[in-house]
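Colleague: What follows is my_file_27.pdb, PDB, C-alpha atoms.
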ATOM      1  CA  MET E   1     127.456  95.404  98.848  1.00  0.00           C
ATOM      2  CA  ASN E   2     126.228  98.958  99.283  1.00  0.00           C
ATOM      3  CA  VAL E   3     124.586 101.245  96.740  1.00  0.00           C
ATOM      4  CA  SER E   4     127.733 103.287  96.319  1.00  0.00           C
ATOM      5  CA  SER E   5     129.803 100.304  95.106  1.00  0.00           C
ATOM      6  CA  ILE E   6     127.022  99.313  92.713  1.00  0.00           C
ATOM      7  CA  VAL E   7     126.849 102.845  91.310  1.00  0.00           C
ATOM      8  CA  GLU E   8     130.539 102.549  90.574  1.00  0.00           C
ATOM      9  CA  LYS E   9     130.460  99.020  89.148  1.00  0.00           C
ATOM     10  CA  LEU E  10     127.434  99.606  86.923  1.00  0.00           C
ATOM     11  CA  ASN E  11     128.447 103.105  85.940  1.00  0.00           C
ATOM     12  CA  LEU E  12     125.189 104.670  87.153  1.00  0.00           C
ATOM     13  CA  LYS E  13     124.512 108.374  87.091  1.00  0.00           C
ATOM     14  CA  ILE E  14     123.297 109.761  90.417  1.00  0.00           C
ATOM     15  CA  ALA E  15     120.229 111.983  89.961  1.00  0.00           C
ATOM     16  CA  CYS E  16     119.718 112.472  93.704  1.00  0.00           C
ATOM     17  CA  GLY E  17     120.408 110.917  97.072  1.00  0.00           C
ATOM     18  CA  ARG E  18     124.193 111.094  96.846  1.00  0.00           C
ATOM     19  CA  GLU E  19     124.359 111.146 100.652  1.00  0.00           C
ATOM     20  CA  LYS E  20     122.171 108.019 100.965  1.00  0.00           C
ATOM     21  CA  LEU E  21     124.316 105.473  99.143  1.00  0.00           C
ATOM     22  CA  SER E  22     125.508 103.474 102.132  1.00  0.00           C
ATOM     23  CA  GLN E  23     122.481 101.141 102.439  1.00  0.00           C
ATOM     24  CA  ASN E  24     123.307  97.509 101.844  1.00  0.00           C
ATOM     25  CA  VAL E  25     121.695  96.135  98.669  1.00  0.00           C
ATOM     26  CA  THR E  26     119.979  92.808  99.308  1.00  0.00           C
ATOM     27  CA  GLY E  27     118.528  92.208  95.851  1.00  0.00           C
ATOM     28  CA  GLY E  28     116.652  93.800  93.006  1.00  0.00           C
ATOM     29  CA  TYR E  29     113.218  94.009  91.455  1.00  0.00           C
ATOM     30  CA  VAL E  30     112.180  94.993  87.952  1.00  0.00           C
ATOM     31  CA  GLY E  31     108.733  96.451  87.350  1.00  0.00           C
ATOM     32  CA  ASP E  32     106.682  99.332  86.059  1.00  0.00           C
ATOM     33  CA  LEU E  33     103.494  98.383  87.904  1.00  0.00           C
ATOM     34  CA  LEU E  34     103.535 100.127  91.249  1.00  0.00           C
ATOM     35  CA  SER E  35     101.278  97.652  93.026  1.00  0.00           C
ATOM     36  CA  ASP E  36     103.488  94.805  91.845  1.00  0.00           C
ATOM     37  CA  VAL E  37     106.525  96.509  93.331  1.00  0.00           C
ATOM     38  CA  MET E  38     104.579  97.301  96.513  1.00  0.00           C
ATOM     39  CA  ALA E  39     103.656  93.641  96.880  1.00  0.00           C
ATOM     40  CA  ASN E  40     106.874  91.947  95.855  1.00  0.00           C
ATOM     41  CA  SER E  41     109.905  94.123  96.523  1.00  0.00           C
ATOM     42  CA  ARG E  42     111.817  93.812  99.764  1.00  0.00           C
ATOM     43  CA  GLU E  43     113.766  96.112 102.019  1.00  0.00           C
ATOM     44  CA  GLY E  44     117.204  96.863 100.567  1.00  0.00           C
ATOM     45  CA  TYR E  45     116.308  96.051  96.965  1.00  0.00           C
ATOM     46  CA  LEU E  46     117.258  98.236  94.042  1.00  0.00           C
ATOM     47  CA  TRP E  47     114.179  98.852  91.904  1.00  0.00           C
ATOM     48  CA  ILE E  48     114.684  98.938  88.140  1.00  0.00           C
ATOM     49  CA  THR E  49     111.929 100.792  86.304  1.00  0.00           C
ATOM     50  CA  ARG E  50     111.086 103.147  83.478  1.00  0.00           C
ATOM     51  CA  GLN E  51     108.513 105.057  85.521  1.00  0.00           C
ATOM     52  CA  THR E  52     109.837 108.560  86.211  1.00  0.00           C
ATOM     53  CA  HIS E  53     106.860 110.248  87.910  1.00  0.00           C
ATOM     54  CA  GLN E  54     106.800 111.208  91.580  1.00  0.00           C
ATOM     55  CA  ASN E  55     104.721 108.256  92.771  1.00  0.00           C
ATOM     56  CA  ILE E  56     107.749 105.956  92.538  1.00  0.00           C
ATOM     57  CA  VAL E  57     109.225 107.720  95.576  1.00  0.00           C
ATOM     58  CA  ALA E  58     106.440 106.735  97.983  1.00  0.00           C
ATOM     59  CA  VAL E  59     106.761 103.098  96.916  1.00  0.00           C
ATOM     60  CA  ALA E  60     110.520 103.115  97.464  1.00  0.00           C
ATOM     61  CA  SER E  61     110.111 104.868 100.808  1.00  0.00           C
ATOM     62  CA  LEU E  62     107.348 102.578 102.079  1.00  0.00           C
ATOM     63  CA  LYS E  63     109.250  99.445 101.093  1.00  0.00           C
ATOM     64  CA  GLU E  64     112.584 100.854 102.346  1.00  0.00           C
ATOM     65  CA  LEU E  65     114.237 100.131  99.022  1.00  0.00           C
ATOM     66  CA  ALA E  66     117.922 100.947  98.631  1.00  0.00           C
ATOM     67  CA  GLY E  67     117.210 103.050  95.559  1.00  0.00           C
ATOM     68  CA  ILE E  68     115.583 103.357  92.151  1.00  0.00           C
ATOM     69  CA  ILE E  69     117.373 102.751  88.843  1.00  0.00           C
ATOM     70  CA  LEU E  70     115.788 104.440  85.838  1.00  0.00           C
ATOM     71  CA  VAL E  71     116.519 102.677  82.556  1.00  0.00           C
ATOM     72  CA  GLN E  72     117.473 103.863  79.091  1.00  0.00           C
ATOM     73  CA  GLY E  73     118.771 107.206  80.257  1.00  0.00           C
ATOM     74  CA  LYS E  74     115.407 108.366  81.528  1.00  0.00           C
ATOM     75  CA  GLU E  75     115.587 111.429  83.760  1.00  0.00           C
ATOM     76  CA  PRO E  76     113.254 111.744  86.759  1.00  0.00           C
ATOM     77  CA  GLU E  77     110.676 114.522  86.614  1.00  0.00           C
ATOM     78  CA  SER E  78     111.482 117.558  88.745  1.00  0.00           C
ATOM     79  CA  ASP E  79     108.788 116.850  91.360  1.00  0.00           C
ATOM     80  CA  THR E  80     110.110 113.274  91.563  1.00  0.00           C
ATOM     81  CA  LEU E  81     113.540 114.657  92.415  1.00  0.00           C
ATOM     82  CA  GLU E  82     112.098 116.955  95.052  1.00  0.00           C
ATOM     83  CA  LYS E  83     110.200 114.130  96.751  1.00  0.00           C
ATOM     84  CA  ALA E  84     113.135 111.746  96.528  1.00  0.00           C
ATOM     85  CA  ALA E  85     115.450 114.317  98.084  1.00  0.00           C
ATOM     86  CA  ALA E  86     112.960 114.895 100.901  1.00  0.00           C
ATOM     87  CA  GLU E  87     112.542 111.158 101.544  1.00  0.00           C
ATOM     88  CA  GLY E  88     116.229 110.366 101.099  1.00  0.00           C
ATOM     89  CA  ILE E  89     115.721 107.923  98.235  1.00  0.00           C
ATOM     90  CA  PRO E  90     118.620 107.611  95.753  1.00  0.00           C
ATOM     91  CA  ILE E  91     117.576 107.839  92.105  1.00  0.00           C
ATOM     92  CA  LEU E  92     120.128 106.426  89.702  1.00  0.00           C
ATOM     93  CA  ILE E  93     120.160 106.391  85.922  1.00  0.00           C
ATOM     94  CA  THR E  94     121.524 103.842  83.484  1.00  0.00           C
ATOM     95  CA  GLU E  95     121.701 104.093  79.708  1.00  0.00           C
ATOM     96  CA  LEU E  96     120.980 100.358  79.487  1.00  0.00           C
ATOM     97  CA  PRO E  97     117.537  98.765  79.026  1.00  0.00           C
ATOM     98  CA  ALA E  98     115.976  96.918  81.999  1.00  0.00           C
ATOM     99  CA  PHE E  99     117.019  93.411  80.920  1.00  0.00           C
ATOM    100  CA  ASP E 100     120.682  94.346  80.616  1.00  0.00           C
ATOM    101  CA  ILE E 101     120.966  96.286  83.846  1.00  0.00           C
ATOM    102  CA  ALA E 102     119.025  93.595  85.743  1.00  0.00           C
ATOM    103  CA  GLY E 103     121.461  90.969  84.451  1.00  0.00           C
ATOM    104  CA  LYS E 104     124.463  92.972  85.559  1.00  0.00           C
ATOM    105  CA  LEU E 105     122.940  93.717  88.952  1.00  0.00           C
ATOM    106  CA  TYR E 106     122.037  90.063  89.439  1.00  0.00           C
ATOM    107  CA  ASP E 107     125.632  89.071  88.766  1.00  0.00           C
ATOM    108  CA  ILE E 108     127.046  91.288  91.472  1.00  0.00           C
ATOM    109  CA  VAL E 109     124.292  91.080  94.123  1.00  0.00           C
ATOM    110  CA  SER E 110     123.275  87.430  94.152  1.00  0.00           C
TER     111      SER E 110
ATOM    112  CA  MET V   1     104.275 100.349 125.502  1.00  0.00           C
ATOM    113  CA  ASN V   2     101.344 102.693 125.263  1.00  0.00           C
ATOM    114  CA  LEU V   3     100.127 101.879 121.810  1.00  0.00           C
ATOM    115  CA  GLU V   4      97.182 104.119 121.054  1.00  0.00           C
ATOM    116  CA  TYR V   5      96.793 106.296 117.992  1.00  0.00           C
ATOM    117  CA  GLU V   6      93.913 107.557 115.946  1.00  0.00           C
ATOM    118  CA  ASN V   7      93.703 109.917 113.010  1.00  0.00           C
ATOM    119  CA  SER V   8      91.713 110.722 109.870  1.00  0.00           C
ATOM    120  CA  PHE V   9      93.089 111.845 106.524  1.00  0.00           C
ATOM    121  CA  GLU V  10      91.152 113.449 103.702  1.00  0.00           C
ATOM    122  CA  ILE V  11      91.937 112.587 100.105  1.00  0.00           C
ATOM    123  CA  GLN V  12      90.923 114.378  96.925  1.00  0.00           C
ATOM    124  CA  GLY V  13      90.165 112.224  93.890  1.00  0.00           C
ATOM    125  CA  GLY V  14      92.632 112.652  91.045  1.00  0.00           C
ATOM    126  CA  ASN V  15      95.330 114.091  93.292  1.00  0.00           C
ATOM    127  CA  PHE V  16      98.211 111.863  92.211  1.00  0.00           C
ATOM    128  CA  GLN V  17     100.706 114.502  93.391  1.00  0.00           C
ATOM    129  CA  GLU V  18     100.015 113.532  96.973  1.00  0.00           C
ATOM    130  CA  ALA V  19      99.507 109.806  96.431  1.00  0.00           C
ATOM    131  CA  GLY V  20     101.443 107.906  99.053  1.00  0.00           C
ATOM    132  CA  ASP V  21     101.798 110.828 101.437  1.00  0.00           C
ATOM    133  CA  ILE V  22      99.336 109.379 103.950  1.00  0.00           C
ATOM    134  CA  SER V  23     100.864 105.906 103.928  1.00  0.00           C
ATOM    135  CA  VAL V  24     104.369 107.340 104.306  1.00  0.00           C
ATOM    136  CA  PHE V  25     103.169 109.504 107.225  1.00  0.00           C
ATOM    137  CA  ILE V  26     101.364 106.637 108.937  1.00  0.00           C
ATOM    138  CA  LYS V  27     104.276 104.272 108.501  1.00  0.00           C
ATOM    139  CA  LYS V  28     106.649 106.754 110.148  1.00  0.00           C
ATOM    140  CA  LYS V  29     104.167 107.371 112.951  1.00  0.00           C
ATOM    141  CA  LEU V  30     103.838 103.653 113.658  1.00  0.00           C
ATOM    142  CA  GLN V  31     107.576 103.199 113.442  1.00  0.00           C
ATOM    143  CA  ASN V  32     107.993 105.850 116.139  1.00  0.00           C
ATOM    144  CA  LEU V  33     105.396 104.081 118.257  1.00  0.00           C
ATOM    145  CA  GLY V  34     107.527 100.947 118.096  1.00  0.00           C
ATOM    146  CA  VAL V  35     105.210  98.801 115.983  1.00  0.00           C
ATOM    147  CA  ALA V  36     106.871  95.605 114.676  1.00  0.00           C
ATOM    148  CA  ARG V  37     108.351  95.749 111.173  1.00  0.00           C
ATOM    149  CA  GLU V  38     106.104  93.072 109.671  1.00  0.00           C
ATOM    150  CA  ILE V  39     103.002  94.925 110.890  1.00  0.00           C
ATOM    151  CA  LEU V  40     104.431  98.186 109.521  1.00  0.00           C
ATOM    152  CA  ARG V  41     104.940  96.597 106.133  1.00  0.00           C
ATOM    153  CA  ARG V  42     101.374  95.327 105.962  1.00  0.00           C
ATOM    154  CA  VAL V  43      99.851  98.601 107.173  1.00  0.00           C
ATOM    155  CA  ALA V  44     101.944 100.538 104.650  1.00  0.00           C
ATOM    156  CA  ILE V  45     100.750  98.413 101.727  1.00  0.00           C
ATOM    157  CA  ALA V  46      97.106  98.451 102.835  1.00  0.00           C
ATOM    158  CA  VAL V  47      96.998 102.222 103.335  1.00  0.00           C
ATOM    159  CA  TYR V  48      98.936 102.878 100.123  1.00  0.00           C
ATOM    160  CA  GLU V  49      96.585 100.808  97.990  1.00  0.00           C
ATOM    161  CA  SER V  50      93.560 102.398  99.683  1.00  0.00           C
ATOM    162  CA  GLU V  51      94.941 105.838  98.896  1.00  0.00           C
ATOM    163  CA  ILE V  52      95.590 104.938  95.266  1.00  0.00           C
ATOM    164  CA  ASN V  53      92.086 103.519  94.885  1.00  0.00           C
ATOM    165  CA  ILE V  54      90.445 106.687  96.194  1.00  0.00           C
ATOM    166  CA  ILE V  55      92.655 108.939  94.062  1.00  0.00           C
ATOM    167  CA  SER V  56      92.122 106.818  90.960  1.00  0.00           C
ATOM    168  CA  TYR V  57      88.373 106.374  91.130  1.00  0.00           C
ATOM    169  CA  ALA V  58      86.575 108.507  93.706  1.00  0.00           C
ATOM    170  CA  SER V  59      85.824 112.209  93.938  1.00  0.00           C
ATOM    171  CA  LYS V  60      86.999 112.263  97.536  1.00  0.00           C
ATOM    172  CA  GLY V  61      87.515 110.043 100.516  1.00  0.00           C
ATOM    173  CA  ILE V  62      88.697 109.647 104.062  1.00  0.00           C
ATOM    174  CA  ILE V  63      91.128 107.174 105.510  1.00  0.00           C
ATOM    175  CA  HIS V  64      90.673 106.630 109.212  1.00  0.00           C
ATOM    176  CA  ILE V  65      93.239 104.713 111.153  1.00  0.00           C
ATOM    177  CA  SER V  66      93.072 103.582 114.732  1.00  0.00           C
ATOM    178  CA  ILE V  67      95.677 101.632 116.572  1.00  0.00           C
ATOM    179  CA  SER V  68      95.362  99.735 119.825  1.00  0.00           C
ATOM    180  CA  PRO V  69      97.704  97.187 121.400  1.00  0.00           C
ATOM    181  CA  GLU V  70      95.613  94.475 119.725  1.00  0.00           C
ATOM    182  CA  SER V  71      95.206  95.704 116.164  1.00  0.00           C
ATOM    183  CA  VAL V  72      95.417  98.332 113.476  1.00  0.00           C
ATOM    184  CA  VAL V  73      92.048  99.205 111.971  1.00  0.00           C
ATOM    185  CA  ILE V  74      91.973 101.083 108.664  1.00  0.00           C
ATOM    186  CA  ASP V  75      88.722 102.446 107.274  1.00  0.00           C
ATOM    187  CA  ALA V  76      88.860 103.817 103.745  1.00  0.00           C
ATOM    188  CA  GLU V  77      85.593 105.402 102.759  1.00  0.00           C
ATOM    189  CA  ASP V  78      84.979 107.296  99.544  1.00  0.00           C
ATOM    190  CA  GLU V  79      82.352 109.203  97.640  1.00  0.00           C
ATOM    191  CA  GLY V  80      82.527 107.933  94.115  1.00  0.00           C
ATOM    192  CA  PRO V  81      81.123 105.648  91.464  1.00  0.00           C
ATOM    193  CA  GLY V  82      81.115 102.571  93.675  1.00  0.00           C
ATOM    194  CA  ILE V  83      82.042  99.107  92.460  1.00  0.00           C
ATOM    195  CA  GLU V  84      79.609  97.331  90.195  1.00  0.00           C
ATOM    196  CA  ASN V  85      80.924  93.844  90.770  1.00  0.00           C
ATOM    197  CA  ILE V  86      82.821  93.448  94.032  1.00  0.00           C
ATOM    198  CA  GLU V  87      83.713  89.837  93.340  1.00  0.00           C
ATOM    199  CA  LEU V  88      85.474  90.864  90.126  1.00  0.00           C
ATOM    200  CA  ALA V  89      87.216  93.777  91.854  1.00  0.00           C
ATOM    201  CA  MET V  90      88.660  91.358  94.393  1.00  0.00           C
ATOM    202  CA  ARG V  91      90.116  89.205  91.625  1.00  0.00           C
ATOM    203  CA  ALA V  92      93.793  89.750  90.772  1.00  0.00           C
ATOM    204  CA  GLY V  93      94.245  91.369  87.377  1.00  0.00           C
ATOM    205  CA  TYR V  94      90.759  92.805  87.076  1.00  0.00           C
ATOM    206  CA  SER V  95      90.647  96.578  86.732  1.00  0.00           C
ATOM    207  CA  THR V  96      88.418  99.312  85.389  1.00  0.00           C
ATOM    208  CA  ALA V  97      91.268 101.852  85.307  1.00  0.00           C
ATOM    209  CA  THR V  98      91.556 104.366  82.497  1.00  0.00           C
ATOM    210  CA  ASP V  99      94.557 104.431  80.144  1.00  0.00           C
ATOM    211  CA  LYS V 100      95.913 107.485  81.958  1.00  0.00           C
ATOM    212  CA  ILE V 101      95.945 105.635  85.271  1.00  0.00           C
ATOM    213  CA  ARG V 102      97.513 102.553  83.685  1.00  0.00           C
ATOM    214  CA  GLU V 103     100.277 104.567  82.026  1.00  0.00           C
ATOM    215  CA  MET V 104     101.431 105.655  85.466  1.00  0.00           C
ATOM    216  CA  GLY V 105     101.763 102.033  86.495  1.00  0.00           C
ATOM    217  CA  PHE V 106      98.534 101.837  88.467  1.00  0.00           C
ATOM    218  CA  GLY V 107      95.365  99.958  87.569  1.00  0.00           C
ATOM    219  CA  ALA V 108      96.965  96.558  87.246  1.00  0.00           C
ATOM    220  CA  GLY V 109      94.165  94.924  89.189  1.00  0.00           C
ATOM    221  CA  MET V 110      96.418  94.294  92.164  1.00  0.00           C
ATOM    222  CA  GLY V 111      95.204  96.894  94.649  1.00  0.00           C
ATOM    223  CA  ILE V 112      92.420  95.053  96.423  1.00  0.00           C
ATOM    224  CA  PRO V 113      94.234  91.673  96.254  1.00  0.00           C
ATOM    225  CA  ASN V 114      97.297  93.349  97.834  1.00  0.00           C
ATOM    226  CA  ILE V 115      95.110  94.762 100.598  1.00  0.00           C
ATOM    227  CA  MET V 116      93.515  91.377 101.207  1.00  0.00           C
ATOM    228  CA  ASN V 117      96.949  89.724 101.438  1.00  0.00           C
ATOM    229  CA  CYS V 118      97.937  92.183 104.141  1.00  0.00           C
ATOM    230  CA  SER V 119      94.714  91.956 106.160  1.00  0.00           C
ATOM    231  CA  ASP V 120      93.693  89.608 108.907  1.00  0.00           C
ATOM    232  CA  LYS V 121      90.126  90.740 108.337  1.00  0.00           C
ATOM    233  CA  PHE V 122      88.881  92.569 105.274  1.00  0.00           C
ATOM    234  CA  THR V 123      85.411  93.783 104.441  1.00  0.00           C
ATOM    235  CA  ILE V 124      84.255  95.782 101.460  1.00  0.00           C
ATOM    236  CA  THR V 125      80.883  97.359 100.852  1.00  0.00           C
ATOM    237  CA  SER V 126      79.970  99.475  97.899  1.00  0.00           C
ATOM    238  CA  GLU V 127      76.954 101.258  96.528  1.00  0.00           C
ATOM    239  CA  LEU V 128      76.796 102.338  92.893  1.00  0.00           C
ATOM    240  CA  ASN V 129      77.067 106.108  92.394  1.00  0.00           C
ATOM    241  CA  LYS V 130      77.598 106.604  96.123  1.00  0.00           C
ATOM    242  CA  GLY V 131      80.883 105.110  97.160  1.00  0.00           C
ATOM    243  CA  THR V 132      82.947 102.317  98.591  1.00  0.00           C
ATOM    244  CA  HIS V 133      83.982 101.459 102.121  1.00  0.00           C
ATOM    245  CA  LEU V 134      86.884  99.190 102.986  1.00  0.00           C
ATOM    246  CA  THR V 135      87.600  98.014 106.504  1.00  0.00           C
ATOM    247  CA  ILE V 136      90.983  96.436 107.025  1.00  0.00           C
ATOM    248  CA  ILE V 137      92.048  94.893 110.315  1.00  0.00           C
ATOM    249  CA  ILE V 138      95.630  93.902 110.957  1.00  0.00           C
ATOM    250  CA  ASN V 139      96.253  92.072 114.218  1.00  0.00           C
ATOM    251  CA  ILE V 140      99.190  93.100 116.319  1.00  0.00           C
ATOM    252  CA  SER V 141      99.123  90.705 119.217  1.00  0.00           C
ATOM    253  CA  ASN V 142      97.825  87.591 117.517  1.00  0.00           C
ATOM    254  CA  ASN V 143     100.672  85.226 116.662  1.00  0.00           C
ATOM    255  CA  ASP V 144      98.822  83.099 114.144  1.00  0.00           C
ATOM    256  CA  ALA V 145      98.324  86.264 112.093  1.00  0.00           C
ATOM    257  CA  GLU V 146     101.847  85.799 110.764  1.00  0.00           C
ATOM    258  CA  LYS V 147     101.910  86.208 107.046  1.00  0.00           C
ATOM    259  CA  ASN V 148     104.773  85.713 104.747  1.00  0.00           C
ATOM    260  CA  ARG V 149     104.168  88.633 102.410  1.00  0.00           C
TER     261      ARG V 149
END
Will you turn the file into structure tokens for me?

Modeller:
Amino acid sequence: MNVSSIVEKLNLKIACGREKLSQNVTGGYVGDLLSDVMANSREGYLWITRQTHQNIVAVASLKELAGIILVQGKEPESDTLEKAAAEGIPILITELPAFDIAGKLYDIVS
Amino acid sequence: MNLEYENSFEIQGGNFQEAGDISVFIKKKLQNLGVAREILRRVAIAVYESEINIISYASKGIIHISISPESVVIDAEDEGPGIENIELAMRAGYSTATDKIREMGFGAGMGIPNIMNCSDKFTITSELNKGTHLTIIINISNNDAEKNR
């Protein structure tokens, strides 16, 4: 299933990367520790986090993640948006907390 | 395939705005050179964590990367406080990071362990109040270097 279908199913708001939603989602990872995500996420994962600063973009780019989901309605900082647009990383926003959105994502991806 | 590349990158301590830029650049460079995905992944993690370490702790540093058909060699050398207890620093979960660094999601004590997991050969030397020098070697041609992470 690609990012676009997941955006629709989980009612995610698209903060940036609207043109990069075709990547196939292979799984998900939840974490706010960047080194943890660096070590344990895989290509094609959606990353669920509450970190909104620009350093999340490099992690997503390096690990070729399908996108980042910010929880509890958190908006990315403006320099995060700029970097994400430059790197072509979708940033999506959910009003739900991490546990809830991870559960829903797990149901449709696994 | 003519796999030769060498470059040095300067890093300013505290410059979190540019954290990750070098690893992203190097990964793209290696991708264009046709380096295998698993090697790319390991180089990306090793360079990223080296960058974050220098930015988090040192006043400045240099990451030097050199690629040959046999291996990728990454040297990360900084001018900074040095590491008091290298054995502790190599242990997962140990960190001397400040609250500010931790709030950003760094300083979880995973940096050096992540680097070690991605290296075929890893050496670290450090001198208090002078700096730290990491040398990371990732084999390209050696089959038994296969790692799962």

Colleague: Could you tell me which of V:Glu6, V:Glu103, V:Asp75, V:Glu87 comes closest to chain E if we count only C-alpha atoms?

Modeller: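 Nearest candidate to chain E out of V:Glu6, V:Glu103, V:Asp75, V:Glu87: V:Glu103.
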
Colleague: For each of E:Lys74, E:Lys9, E:Arg42, E:Lys104, take the minimum atom-to-atom distance to chain V, counting all atoms listed in the file, then give the residue where this is smallest.

Modeller: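 Under the stated criterion, the closest residue is E:Arg42.
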
Colleague: Counting all atoms listed in the file, find the residues whose atoms lie at most 10 Å from (125.8, 95.1, 101.2) (file coordinates) and write them out as a ChimeraX atom specification.

Modeller: /E:1-6,22-27,44,109

Colleague: Using only C-alpha atoms, what table do you get, as CSV, when you list each residue of chain V with an atom no more than 6 Å from chain E, its nearest pair of atoms, and their distance in Å rounded to one decimal, rows by chain then rising number?

Modeller:
residue,atom,partner,partner_atom,distance
V:Gly20,CA,E:Ala58,CA,5.2
V:Gly105,CA,E:Leu33,CA,4.3
V:Phe106,CA,E:Leu34,CA,6.0
V:Met110,CA,E:Ser35,CA,6.0

Colleague: Just so the selection is clear, what residues does the PyMOL selection byres ((chain V and resi 116-119) around 6) cover here, as a list in words?

Modeller: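 What the PyMOL selection byres ((chain V and resi 116-119) around 6) grabs from the file is Arg42, Pro113, Asn114, Ile115, Asp120, Lys121, Phe122, Ile136, Ile137 and Ile138 of chain V.
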
Colleague: What does the PyMOL selection byres ((chain E and resi 101) around 10) select in this file, as a ChimeraX atom specification?

Modeller: /E:10,12,30,48,69-72,94-100,102-107

Colleague: For each of V:Leu128, V:Val72, V:Leu3, V:Ile86, take the minimum atom-to-atom distance to Asn32 (chain V), counting only C-alpha atoms, then give the residue where this is smallest.

Modeller: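 Answer, going by the shortest atom-to-atom distance: V:Leu3.
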
Colleague: Tell me which protein, DNA and RNA residues are within 12 Å of Ala15 (chain E), counting only C-alpha atoms, leaving out same-chain ones fewer than 4 positions away, and put them as a list of chain:residue names.

Modeller: E:Val7, E:Glu19, E:Lys20, E:Leu21, E:Thr52, E:Gly67, E:Ile68, E:Ile69, E:Leu70, E:Gly73, E:Lys74, E:Glu75, E:Pro76, E:Glu77, E:Ser78, E:Thr80, E:Leu81, E:Glu82, E:Ala84, E:Ala85, E:Gly88, E:Ile89, E:Pro90, E:Ile91, E:Leu92, E:Ile93, E:Thr94

Colleague: Give me, as a ChimeraX atom specification, all polymer residues having an atom no more than 9 Å from Ser66 (chain V), counting all atoms listed in the file and skipping those fewer than 4 positions away in the same chain.

Modeller: /V:4-8,71-75

Colleague: Taking all atoms of region 20-36 of chain V that the file lists and extending 5 Å past them on each side, where is the centre of the axis-aligned box and how long are its edges? Answer in Å to one decimal, as lines of an AutoDock Vina configuration file.

Modeller:
center_x = 103.7
center_y = 103.2
center_z = 108.7
size_x = 18.7
size_y = 25.2
size_z = 29.2

Colleague: What is the distance, in Å and to one decimal place, between CA of Asp21 (chain V) and CA of Lys83 (chain E)?

Modeller: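 Taking CA of Asp21 (chain V) and CA of Lys83 (chain E), their separation equals 10.2 Å.
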
Colleague: Give me, as a list in words, all polymer residues having an atom no more than 9 Å from Ala97 (chain V), counting only C-alpha atoms and skipping those fewer than 6 positions away in the same chain.

Modeller: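 In the requested form, the answer reads Ser56, Tyr57, Phe106, Gly107, Ala108 and Gly109 of chain V.
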
Colleague: In Å to one decimal, how far is CA of Pro81 (chain V) from CA of Glu18 (chain V)?

Modeller: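 One can read the CA of Glu18 (chain V) to CA of Pro81 (chain V) distance as 21.2 Å.
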